Amino acid sequence: MKIKICGLKEQTHVEVAVQAGADYLGFIFVPSSSRYISPEKVADITKNVPKSIKKVGVFVNPTIVEIERIQKIAGLDLIQLHGVESKQLIKNISQPVIKAIPADNFLIKEAIAAYPTDTVLLLDTPSNSGANFGGKGETFDWDKVEWSLLTGRKFFIAGGLTNGNVARAMEQLHPYGVDVSSGVETSKRKDSKKIRAFIQIVRKEENDE
Ligand SMILES: O=C(O)c1ccccc1N[C@@H]1O[C@H](COP(=O)(O)O)[C@@H](O)[C@H]1O
């Protein structure tokens, strides 16, 4: 089970996530987000991160120029697209892509048809405004998704995961990975204890399965 800790802004939390056994570290390059971090800061706080742990840049409707500029400075391994990006943009990105989609059966079917199998999908809670901006800490109704649509596809579960529900998400949904941001924060700041506990719970659950 892959674990992605997202929205990191401080070196201490990067170190905690790495030591506890995260696979992916996520950084938000969306200027309007309270979790925004500059590419220069990402390069600085991740300089000691082993190469085996992947750095993911999260974007909403970026241009290819913006992605390439930020990727070069921050040293990103993967690009997560969290908006309504074109298929052509995805084709132009040199790094592997994680494509976030709202957890809605119609949109899941569309995404499966649109994106090649090497594009990892990330199911997140649909936003009330219709836009797919994440990081709100809200779960979606797991029972309403036709999970069989995703057979053969790698997908992350995101949206409101916490130390209290992640084991159930794994048992019930069998994702390729779990992605958390708000659930490992206290007062809108990452919380080292919650990060460690989240990763321990996931590792224990995968051993028990
Ligand atoms: O975290 C943000 O501010 C954000 C902004 C724009 C796009 C995505 C964002 N976060 C991503 O949302 C999911 C779910 O987060 P949460 O656990 O529900 O808080 C995750 O992939 C975040 O990286």
# chains A, B, ... in the order shown; residues from 1 in each chain; ligands from 1
>>> residues_near_ligand(ligand="ligand 1", cutoff="10 Å", atoms="only C-alpha atoms and all ligand atoms", output="MDAnalysis selection string")
chainID A and resid 4:8 25:36 56:61 80:83 98:100 122:125 131:140 156:162 178:185 188
>>> select_by_dssp(residues="region 74-189 of chain A", states="strand (DSSP E)", output="ChimeraX atom specification")
/A:78-81,97-102,120-124,155-157,177-180,185-186,189
>>> write_last_selection(atoms="C-alpha atoms", output="CSV table (one decimal), in the first residue's frame")
chain,number,residue,atom,x,y,z
A,78,LEU,CA,5.5,13.1,-10.2
A,79,ILE,CA,2.9,15.6,-11.1
A,80,GLN,CA,-0.6,15.5,-9.5
A,81,LEU,CA,-3.2,17.4,-11.5
A,97,VAL,CA,1.1,11.8,-13.6
A,98,ILE,CA,-1.5,11.3,-10.8
A,99,LYS,CA,-4.8,12.6,-12.1
A,100,ALA,CA,-7.3,13.6,-9.4
A,101,ILE,CA,-11.0,13.0,-10.3
A,102,PRO,CA,-14.1,13.7,-8.3
A,120,VAL,CA,-2.6,6.7,-11.7
A,121,LEU,CA,-6.0,8.1,-10.6
A,122,LEU,CA,-6.8,9.7,-7.3
A,123,LEU,CA,-10.4,9.8,-6.2
A,124,ASP,CA,-11.3,12.8,-4.1
A,155,PHE,CA,-5.9,4.5,-7.8
A,156,PHE,CA,-5.4,6.5,-4.6
A,157,ILE,CA,-8.2,7.2,-2.2
A,177,GLY,CA,-2.6,4.0,-2.2
A,178,VAL,CA,-4.0,6.3,0.5
A,179,ASP,CA,-3.5,10.1,0.4
A,180,VAL,CA,-4.0,12.3,3.4
A,185,GLU,CA,-3.1,18.3,10.8
A,186,THR,CA,-4.0,20.1,14.0
A,189,ARG,CA,-0.7,22.7,10.6
>>> closest_residue(among="A:Val65, A:Asp104, A:Ile199, A:Asn207", to="Ala20 (chain A)", atoms="only C-alpha atoms")
A:Ile199
>>> residues_around(residues="Ile53 (chain A)", least_positions_apart="6", cutoff="12 Å", atoms="only C-alpha atoms", output="PyMOL selection string")
chain A and resi 2-5+14-15+17-26+46-47+76-78
>>> atom_distance(atom1="CA of Ile45 (chain A)", atom2="CA of Thr12 (chain A)")
8.4 Å
>>> atom_distance(atom1="CA of Lys144 (chain A)", atom2="CA of Met1 (chain A)")
23.0 Å
>>> residues_around(residues="Val145 (chain A)", least_positions_apart="2", cutoff="8 Å", atoms="only C-alpha atoms", output="list in words")
Ala103, Asp104, Asn105, Asp141, Trp142, Asp143 and Trp147 of chain A
>>> write_last_selection(atoms="C-alpha atoms", output="compact mmCIF listing (two decimals), in the first residue's frame")
# COMPACT_ATOMS: atom_id res chain seq x y z
CA ALA A 103 -15.57 10.45 -6.93
CA ASP A 104 -18.57 10.41 -9.25
CA ASN A 105 -19.37 7.34 -11.38
CA ASP A 141 -19.84 8.35 0.22
CA TRP A 142 -17.74 5.25 -0.51
CA ASP A 143 -20.90 3.16 -1.00
CA TRP A 147 -15.66 0.30 -7.56
>>> residues_around(residues="Ile73 (chain A)", least_positions_apart="4", cutoff="12 Å", atoms="only C-alpha atoms", output="number ranges by chain")
A: 38-44, 46-47, 57, 66-69, 77
>>> atom_distance(atom1="CA of Pro126 (chain A)", atom2="CA of Ile112 (chain A)")
17.0 Å
>>> closest_residue(among="A:Val49, A:Val16, A:Ile37, A:Ala111", to="Lys190 (chain A)", atoms="only C-alpha atoms")
A:Val16
>>> select_by_dssp(residues="chain A", states="helix (DSSP H, G or I)", output="VMD selection string")
chain A and resid 11 to 20 39 to 45 64 to 74 87 to 92 105 to 114 142 to 144 147 to 150 166 to 173 182 to 184 192 to 208
>>> residues_around(residues="Phe198 (chain A)", least_positions_apart="3", cutoff="8 Å", atoms="only C-alpha atoms", output="number ranges by chain")
A: 162-163, 166, 184, 194-195, 201-202
>>> closest_residue(among="A:Thr119, A:Asn165, A:Ser192, A:Ser187", to="Lys87 (chain A)", atoms="only C-alpha atoms")
A:Thr119
